[in-house]
Amino acid sequence: MTYVAWQMLTTDRAKYLGLIFTIAFSTFLMSQQTSIFLGLMNRTRSQISDVRDADIWVMDPKTQYLDEVKSLPDQDLHRIRGVTGVEWAVPLLKSVARAKVHSDGRFRAVILMGIDDGSLIGAPHNMAVANFDALREPDSIIIDRVGFEFFFPGEPLSTGKQIEINDHILRIVGICNSAAPFVNLPVAYTRYSIALGLVGQERNLMSFILAKASPGIAKSELVQRILEATQLRALTGEQFGWETILYYIKHTGIPINFAITVIVSLIVGTVVAGQTFYLFVLENMKQFGALKAIGVTTRRIVRMVLLQAMVVGAIGYCIGIAMTAAFFEVTKGSLDLRGFYLPQQVMAGVAGIVLVIVALASFMSVRRVAVLEPAVVFRG
Amino acid sequence: MPSAIEFPPPTHSRNESAAVFCRNVTKDFGSGEGRVRALDGVDFEVCSGEITLLVGPSGCGKTTLLSVIGGLLNKSSGHLSVLGTDMQQLKGAASVQFRLKNIGFVFQQYNLLPSLTAAENAAVPLLAAGVRRKDAVARATAILEDLGIGTRAHAFPSRLSGGQQQRVAIARALIHEPKLLVCDEPTAALDAETGRSVMKLLRQTAVRPDRAVIVVTHDSRVFDFGDRIAYMNDGRIIKTEAVGTPPESAVHEILQRRLHL
């Protein structure tokens, strides 16, 4: 009877395709919007996740998230180094500076990361051109690909070019592939000592202290020790990343807007698919009645209806996911859209939601079929 | 008022070994003041090896009786035995299995699945019984050839004439070799000539010593294809007679008038 169910489903092409594309577009909207939302949220912590060498981020006790910091005095660095269990601690400056190309005056704000002169802890590991060790050269700077293509459009990626920040001429010694930041500004890396001279003068300029736990010391334990010894806030990179994401979720309208889109696509998908499927089943009611009269059990007919719903849901889901995957495949070359992708968790989650849509859509139909009197076939 | 006329008691044989045996069967729809009695003490028998025609005016309960005999509706009271089985004892899946195994249905509107070919439609009872599609369709094709439409076995119902569709429906009703064939107005949607050819076909292919056939019909032109005629009115069988029995005075006259024969 599986064949009969399949034939019944696919013969009315218009309804069959209508059902499939309703599910497909719902799937596309839900998976694409959710993926973009997750990508955006992931971007908020990109500078944290780009630092791979340090275990702990130390900051002012009132710091809420990555992009709003109160700088620490230099002596805090020494205090952290004095905490038992800290293998090393280095300064990190994070600021926004205006960079420009001297030749044509093109300028843009860049996220400036000042990393420790000696260890280069915090330097980018994903390099497109050259090695981050080149930062040891005088007046050197590493810029990410987005920045290079903005300042030198159409030119091949190469070192040796110059940019100007706060009247300082810096030579590009490397090009990195940094994770896209939330505001999508270029990211530039230089040594801490150089960075101090590039940003506006405040009494303190050290944004964060990056620390490493000694072997055998758990990160959580070190976090607690730093707090007790210095009263400064210390978080693991993972914790700080999530704190930053949660800040954006709580204090911006971004999640609500994305949630509205996802919920609307869920409702529209359910209502349209449900209505179309219900009409489809209603039109076939006499045929189901004939099958019942002939001797097909109600359970089997219900299984046929559910199979039809599942087939429509599965094909629609696959098309929708393929559309989303195609979207990210097409846009992956765009630097502005880098970092957005279709996570497996989203695929699994949307599959669950589509299952709910299909279940809701078929619920009424199944009910009608279940209570259908086979004697209906004798009515004209 | 015609309904107020008193009919003589029905003639029946009290043959409990008949393929269908009804005694004082009633069927009510609704409850309380809205209750409608569709069958009002039906006494009826159908024997194997015969075609029994069930005739009567619209709304007299023919289709309800057919549904009750076919196991599609439960009677409200009385005794009903089909092929020796007390239908009251059959519940749920057992009733469905009984239908699948023993009863073939031919409907007025054919009720073919438009998405299946003629052969696939005819094969549905075998598919429902779990026979492999290839085998079921091969068997259906053979039956369609017997019924004279083998060349249309792979056509969809929308490509078949009314007569051809009814032949497919007959093939579907016969493919699992049921012991009881129940036909509801099989010629109503057909022109006179096609109707007669369908009845002729039914007579040739469906009648077997071990099979009973009940045909509900309005069409007096096909009466001569039956062996017995049961007249029904107001939810009761009022007369059963062999085809060709000379008309009986006033009763026959009343029936002629009520049935517009």
# chains A, B, ... in the order shown; residues from 1 in each chain; ligands from 1
call {"tool": "interface_residues", "arguments": {"of": "chain B", "to": "chain A", "cutoff": "6 Å", "atoms": "only C-alpha atoms", "output": "PyMOL selection string"}}
result
chain B and resi 72+96+99-100+115+128
call {"tool": "residues_around", "arguments": {"residues": "Ile141 (chain A)", "least_positions_apart": "5", "cutoff": "6 Å", "atoms": "only C-alpha atoms", "output": "list in words"}}
result
Arg171, Ile172, Val173, Tyr189 and Thr190 of chain A
call {"tool": "write_last_selection", "arguments": {"atoms": "C-alpha atoms", "output": "PDB file, in the first residue's frame"}}
result
ATOM      1  CA  ARG A 171      54.616  48.660   7.273  1.00  0.00           C
ATOM      2  CA  ILE A 172      52.390  45.678   6.581  1.00  0.00           C
ATOM      3  CA  VAL A 173      54.468  42.562   7.333  1.00  0.00           C
ATOM      4  CA  TYR A 189      47.783  43.473  15.007  1.00  0.00           C
ATOM      5  CA  THR A 190      50.890  45.208  16.209  1.00  0.00           C
TER       6      THR A 190
END
call {"tool": "select_by_dssp", "arguments": {"residues": "region 13-124 of chain A", "states": "helix (DSSP H, G or I)", "output": "VMD selection string"}}
result
chain A and resid 13 to 43 46 to 49 74 to 81
call {"tool": "residues_around", "arguments": {"residues": "Val25 (chain B)", "least_positions_apart": "5", "cutoff": "10 Å", "atoms": "only C-alpha atoms", "output": "ChimeraX atom specification"}}
result
/B:39-44,65,68,75-80,235-236
call {"tool": "residues_around", "arguments": {"residues": "Ile56 (chain A)", "least_positions_apart": "5", "cutoff": "8 Å", "atoms": "only C-alpha atoms", "output": "mmCIF file with N, CA and C atoms, in the first residue's frame"}}
result
data_model
loop_
_atom_site.group_PDB
_atom_site.id
_atom_site.type_symbol
_atom_site.label_atom_id
_atom_site.label_comp_id
_atom_site.auth_asym_id
_atom_site.auth_seq_id
_atom_site.Cartn_x
_atom_site.Cartn_y
_atom_site.Cartn_z
ATOM 1 N N LEU A 210 46.299 38.728 29.486
ATOM 2 C CA LEU A 210 46.125 37.327 29.112
ATOM 3 C C LEU A 210 47.061 36.493 29.961
ATOM 4 N N ALA A 211 46.525 35.439 30.552
ATOM 5 C CA ALA A 211 47.350 34.625 31.449
ATOM 6 C C ALA A 211 47.251 33.154 31.071
ATOM 7 N N LYS A 212 48.285 32.437 31.453
ATOM 8 C CA LYS A 212 48.330 31.006 31.188
ATOM 9 C C LYS A 212 48.474 30.276 32.515
ATOM 10 N N ALA A 213 47.706 29.223 32.678
ATOM 11 C CA ALA A 213 47.804 28.443 33.913
ATOM 12 C C ALA A 213 49.032 27.553 33.866
ATOM 13 N N LYS A 219 41.990 25.657 34.998
ATOM 14 C CA LYS A 219 41.641 27.043 34.648
ATOM 15 C C LYS A 219 40.679 27.640 35.670
ATOM 16 N N VAL A 223 41.228 30.977 37.913
ATOM 17 C CA VAL A 223 40.271 32.091 37.878
ATOM 18 C C VAL A 223 39.933 32.511 39.304
ATOM 19 N N ALA A 234 38.352 37.606 36.274
ATOM 20 C CA ALA A 234 39.093 36.668 35.428
ATOM 21 C C ALA A 234 38.114 35.632 34.886
ATOM 22 N N LEU A 235 38.213 35.389 33.596
ATOM 23 C CA LEU A 235 37.340 34.413 32.942
ATOM 24 C C LEU A 235 38.164 33.593 31.967
ATOM 25 N N THR A 236 37.757 32.371 31.765
ATOM 26 C CA THR A 236 38.403 31.611 30.689
ATOM 27 C C THR A 236 37.925 32.204 29.352
ATOM 28 N N GLY A 237 38.659 31.920 28.307
ATOM 29 C CA GLY A 237 38.265 32.432 26.995
ATOM 30 C C GLY A 237 36.846 31.997 26.640
#
call {"tool": "residues_around", "arguments": {"residues": "region 76-92 of chain A", "least_positions_apart": "4", "cutoff": "7 Å", "atoms": "only C-alpha atoms", "output": "MDAnalysis selection string"}}
result
chainID A and resid 72 114:116 192 206:214 217 222 226 229:230
call {"tool": "write_last_selection", "arguments": {"atoms": "N, CA and C atoms", "output": "PDB file, in the first residue's frame"}}
result
ATOM      1  N   LEU A  72      43.283  48.694  32.427  1.00  0.00           N
ATOM      2  CA  LEU A  72      43.882  48.357  33.724  1.00  0.00           C
ATOM      3  C   LEU A  72      45.217  49.074  33.878  1.00  0.00           C
ATOM      4  N   GLY A 114      46.949  45.247  20.319  1.00  0.00           N
ATOM      5  CA  GLY A 114      48.353  45.389  20.697  1.00  0.00           C
ATOM      6  C   GLY A 114      48.766  44.173  21.509  1.00  0.00           C
ATOM      7  N   ILE A 115      49.707  43.392  20.989  1.00  0.00           N
ATOM      8  CA  ILE A 115      50.072  42.132  21.659  1.00  0.00           C
ATOM      9  C   ILE A 115      51.476  42.232  22.252  1.00  0.00           C
ATOM     10  N   ASP A 116      51.718  41.380  23.185  1.00  0.00           N
ATOM     11  CA  ASP A 116      52.953  41.422  23.969  1.00  0.00           C
ATOM     12  C   ASP A 116      54.197  41.400  23.077  1.00  0.00           C
ATOM     13  N   TYR A 192      52.545  45.568  21.431  1.00  0.00           N
ATOM     14  CA  TYR A 192      51.921  46.375  22.475  1.00  0.00           C
ATOM     15  C   TYR A 192      52.572  47.748  22.580  1.00  0.00           C
ATOM     16  N   MET A 206      46.000  49.403  29.065  1.00  0.00           N
ATOM     17  CA  MET A 206      45.997  47.944  28.965  1.00  0.00           C
ATOM     18  C   MET A 206      44.557  47.424  29.108  1.00  0.00           C
ATOM     19  N   SER A 207      44.012  46.903  28.013  1.00  0.00           N
ATOM     20  CA  SER A 207      42.606  46.476  28.018  1.00  0.00           C
ATOM     21  C   SER A 207      42.429  45.195  28.821  1.00  0.00           C
ATOM     22  N   PHE A 208      43.278  44.243  28.548  1.00  0.00           N
ATOM     23  CA  PHE A 208      43.174  42.936  29.184  1.00  0.00           C
ATOM     24  C   PHE A 208      44.560  42.435  29.552  1.00  0.00           C
ATOM     25  N   ILE A 209      44.553  41.474  30.448  1.00  0.00           N
ATOM     26  CA  ILE A 209      45.770  40.706  30.702  1.00  0.00           C
ATOM     27  C   ILE A 209      45.454  39.268  30.323  1.00  0.00           C
ATOM     28  N   LEU A 210      46.299  38.728  29.486  1.00  0.00           N
ATOM     29  CA  LEU A 210      46.125  37.327  29.112  1.00  0.00           C
ATOM     30  C   LEU A 210      47.061  36.493  29.961  1.00  0.00           C
ATOM     31  N   ALA A 211      46.525  35.439  30.552  1.00  0.00           N
ATOM     32  CA  ALA A 211      47.350  34.625  31.449  1.00  0.00           C
ATOM     33  C   ALA A 211      47.251  33.154  31.071  1.00  0.00           C
ATOM     34  N   LYS A 212      48.285  32.437  31.453  1.00  0.00           N
ATOM     35  CA  LYS A 212      48.330  31.006  31.188  1.00  0.00           C
ATOM     36  C   LYS A 212      48.474  30.276  32.515  1.00  0.00           C
ATOM     37  N   ALA A 213      47.706  29.223  32.678  1.00  0.00           N
ATOM     38  CA  ALA A 213      47.804  28.443  33.913  1.00  0.00           C
ATOM     39  C   ALA A 213      49.032  27.553  33.866  1.00  0.00           C
ATOM     40  N   SER A 214      49.674  27.437  35.014  1.00  0.00           N
ATOM     41  CA  SER A 214      50.815  26.526  35.107  1.00  0.00           C
ATOM     42  C   SER A 214      50.323  25.108  34.892  1.00  0.00           C
ATOM     43  N   ILE A 217      47.462  23.098  36.921  1.00  0.00           N
ATOM     44  CA  ILE A 217      46.504  24.019  37.561  1.00  0.00           C
ATOM     45  C   ILE A 217      45.277  24.135  36.657  1.00  0.00           C
ATOM     46  N   LEU A 222      42.467  28.644  38.754  1.00  0.00           N
ATOM     47  CA  LEU A 222      43.269  29.854  38.577  1.00  0.00           C
ATOM     48  C   LEU A 222      42.386  31.102  38.545  1.00  0.00           C
ATOM     49  N   ILE A 226      42.966  34.257  41.041  1.00  0.00           N
ATOM     50  CA  ILE A 226      43.181  35.637  40.572  1.00  0.00           C
ATOM     51  C   ILE A 226      42.167  36.570  41.219  1.00  0.00           C
ATOM     52  N   ALA A 229      43.111  37.100  44.830  1.00  0.00           N
ATOM     53  CA  ALA A 229      44.365  37.819  45.052  1.00  0.00           C
ATOM     54  C   ALA A 229      44.322  39.257  44.562  1.00  0.00           C
ATOM     55  N   THR A 230      43.538  39.534  43.535  1.00  0.00           N
ATOM     56  CA  THR A 230      43.609  40.873  42.914  1.00  0.00           C
ATOM     57  C   THR A 230      42.275  41.600  42.868  1.00  0.00           C
TER      58      THR A 230
END
call {"tool": "atom_distance", "arguments": {"atom1": "CA of Ser95 (chain B)", "atom2": "CA of Gly71 (chain B)"}}
result
6.8 Å
call {"tool": "residues_around", "arguments": {"residues": "region 270-278 of chain A", "least_positions_apart": "2", "cutoff": "9 Å", "atoms": "only C-alpha atoms", "output": "PDB file with N, CA and C atoms, in the first residue's frame"}}
result
ATOM      1  N   LYS A  15      -0.651  20.193  -6.014  1.00  0.00           N
ATOM      2  CA  LYS A  15      -0.703  20.144  -4.547  1.00  0.00           C
ATOM      3  C   LYS A  15       0.582  19.547  -3.983  1.00  0.00           C
ATOM      4  N   TYR A  16       1.071  18.540  -4.663  1.00  0.00           N
ATOM      5  CA  TYR A  16       2.303  17.874  -4.218  1.00  0.00           C
ATOM      6  C   TYR A  16       3.459  18.880  -4.173  1.00  0.00           C
ATOM      7  N   GLY A  18       3.157  22.127  -4.244  1.00  0.00           N
ATOM      8  CA  GLY A  18       2.805  23.200  -3.302  1.00  0.00           C
ATOM      9  C   GLY A  18       3.191  22.834  -1.884  1.00  0.00           C
ATOM     10  N   LEU A  19       2.886  21.605  -1.504  1.00  0.00           N
ATOM     11  CA  LEU A  19       3.239  21.140  -0.156  1.00  0.00           C
ATOM     12  C   LEU A  19       4.753  21.134   0.034  1.00  0.00           C
ATOM     13  N   ILE A  20       5.436  20.600  -0.955  1.00  0.00           N
ATOM     14  CA  ILE A  20       6.893  20.485  -0.838  1.00  0.00           C
ATOM     15  C   ILE A  20       7.534  21.867  -0.718  1.00  0.00           C
ATOM     16  N   THR A  22       6.179  24.669   0.231  1.00  0.00           N
ATOM     17  CA  THR A  22       5.828  25.328   1.498  1.00  0.00           C
ATOM     18  C   THR A  22       6.812  24.897   2.583  1.00  0.00           C
ATOM     19  N   ILE A  23       7.011  23.600   2.666  1.00  0.00           N
ATOM     20  CA  ILE A  23       7.951  23.071   3.673  1.00  0.00           C
ATOM     21  C   ILE A  23       9.369  23.553   3.343  1.00  0.00           C
ATOM     22  N   SER A  26       9.819  27.223   4.303  1.00  0.00           N
ATOM     23  CA  SER A  26       9.859  27.338   5.764  1.00  0.00           C
ATOM     24  C   SER A  26      11.210  26.870   6.283  1.00  0.00           C
ATOM     25  N   SER A 265       7.962  32.055  10.042  1.00  0.00           N
ATOM     26  CA  SER A 265       8.129  31.005   9.029  1.00  0.00           C
ATOM     27  C   SER A 265       7.604  29.666   9.553  1.00  0.00           C
ATOM     28  N   LEU A 266       7.719  29.452  10.861  1.00  0.00           N
ATOM     29  CA  LEU A 266       7.172  28.232  11.457  1.00  0.00           C
ATOM     30  C   LEU A 266       5.645  28.224  11.351  1.00  0.00           C
ATOM     31  N   ILE A 267       5.046  29.377  11.711  1.00  0.00           N
ATOM     32  CA  ILE A 267       3.580  29.450  11.685  1.00  0.00           C
ATOM     33  C   ILE A 267       3.059  29.343  10.249  1.00  0.00           C
ATOM     34  N   VAL A 268       3.680  30.131   9.357  1.00  0.00           N
ATOM     35  CA  VAL A 268       3.224  30.109   7.962  1.00  0.00           C
ATOM     36  C   VAL A 268       3.393  28.702   7.385  1.00  0.00           C
ATOM     37  N   PHE A 280      -5.893  18.220   0.558  1.00  0.00           N
ATOM     38  CA  PHE A 280      -5.459  17.059  -0.226  1.00  0.00           C
ATOM     39  C   PHE A 280      -6.129  15.790   0.298  1.00  0.00           C
ATOM     40  N   VAL A 281      -6.126  15.634   1.618  1.00  0.00           N
ATOM     41  CA  VAL A 281      -6.733  14.438   2.215  1.00  0.00           C
ATOM     42  C   VAL A 281      -8.250  14.460   2.025  1.00  0.00           C
ATOM     43  N   LEU A 282      -8.866  15.657   2.204  1.00  0.00           N
ATOM     44  CA  LEU A 282     -10.314  15.752   2.027  1.00  0.00           C
ATOM     45  C   LEU A 282     -10.719  15.323   0.622  1.00  0.00           C
ATOM     46  N   GLU A 283      -9.953  15.767  -0.363  1.00  0.00           N
ATOM     47  CA  GLU A 283     -10.276  15.412  -1.746  1.00  0.00           C
ATOM     48  C   GLU A 283     -10.157  13.904  -1.985  1.00  0.00           C
ATOM     49  N   ALA A 309       2.605  12.519   4.446  1.00  0.00           N
ATOM     50  CA  ALA A 309       3.066  13.734   5.135  1.00  0.00           C
ATOM     51  C   ALA A 309       4.576  13.692   5.351  1.00  0.00           C
ATOM     52  N   VAL A 354      10.515  20.812  11.482  1.00  0.00           N
ATOM     53  CA  VAL A 354       9.753  20.362  10.301  1.00  0.00           C
ATOM     54  C   VAL A 354       8.912  19.140  10.675  1.00  0.00           C
ATOM     55  N   VAL A 356       7.620  18.651  13.525  1.00  0.00           N
ATOM     56  CA  VAL A 356       6.465  19.195  14.253  1.00  0.00           C
ATOM     57  C   VAL A 356       5.451  19.767  13.249  1.00  0.00           C
ATOM     58  N   ILE A 357       5.954  20.514  12.238  1.00  0.00           N
ATOM     59  CA  ILE A 357       5.059  21.082  11.219  1.00  0.00           C
ATOM     60  C   ILE A 357       4.271  19.962  10.545  1.00  0.00           C
ATOM     61  N   VAL A 358       4.983  18.918  10.154  1.00  0.00           N
ATOM     62  CA  VAL A 358       4.337  17.796   9.453  1.00  0.00           C
ATOM     63  C   VAL A 358       3.315  17.121  10.376  1.00  0.00           C
ATOM     64  N   ALA A 359       3.705  16.977  11.651  1.00  0.00           N
ATOM     65  CA  ALA A 359       2.793  16.328  12.605  1.00  0.00           C
ATOM     66  C   ALA A 359       1.531  17.161  12.774  1.00  0.00           C
ATOM     67  N   LEU A 360       1.716  18.488  12.921  1.00  0.00           N
ATOM     68  CA  LEU A 360       0.553  19.360  13.083  1.00  0.00           C
ATOM     69  C   LEU A 360      -0.291  19.377  11.810  1.00  0.00           C
ATOM     70  N   ALA A 361       0.417  19.427  10.665  1.00  0.00           N
ATOM     71  CA  ALA A 361      -0.286  19.500   9.380  1.00  0.00           C
ATOM     72  C   ALA A 361      -1.105  18.243   9.128  1.00  0.00           C
ATOM     73  N   SER A 362      -0.608  17.107   9.569  1.00  0.00           N
ATOM     74  CA  SER A 362      -1.306  15.854   9.282  1.00  0.00           C
ATOM     75  C   SER A 362      -2.292  15.469  10.383  1.00  0.00           C
ATOM     76  N   PHE A 363      -2.219  16.163  11.522  1.00  0.00           N
ATOM     77  CA  PHE A 363      -3.050  15.786  12.662  1.00  0.00           C
ATOM     78  C   PHE A 363      -4.540  15.779  12.308  1.00  0.00           C
ATOM     79  N   MET A 364      -5.010  16.905  11.747  1.00  0.00           N
ATOM     80  CA  MET A 364      -6.431  17.018  11.418  1.00  0.00           C
ATOM     81  C   MET A 364      -6.821  15.999  10.355  1.00  0.00           C
ATOM     82  N   SER A 365      -5.920  15.850   9.377  1.00  0.00           N
ATOM     83  CA  SER A 365      -6.210  14.925   8.277  1.00  0.00           C
ATOM     84  C   SER A 365      -6.335  13.494   8.797  1.00  0.00           C
ATOM     85  N   VAL A 366      -5.400  13.124   9.650  1.00  0.00           N
ATOM     86  CA  VAL A 366      -5.397  11.763  10.202  1.00  0.00           C
ATOM     87  C   VAL A 366      -6.678  11.526  10.999  1.00  0.00           C
TER      88      VAL A 366
END
call {"tool": "residues_around", "arguments": {"residues": "region 126-130 of chain A", "least_positions_apart": "6", "cutoff": "6 Å", "atoms": "only C-alpha atoms", "output": "ChimeraX atom specification"}}
result
/A:174-177
call {"tool": "select_by_dssp", "arguments": {"residues": "region 92-239 of chain A", "states": "strand (DSSP E or B)", "output": "ChimeraX atom specification"}}
result
/A:92-100,107-115,127-129,140-144,162-165,168-176,187-191,206,208-213,233-236
call {"tool": "atom_distance", "arguments": {"atom1": "CA of Phe258 (chain A)", "atom2": "CA of Ser178 (chain A)"}}
result
25.6 Å
call {"tool": "atom_distance", "arguments": {"atom1": "CA of Val216 (chain B)", "atom2": "CA of Ala119 (chain B)"}}
result
25.6 Å
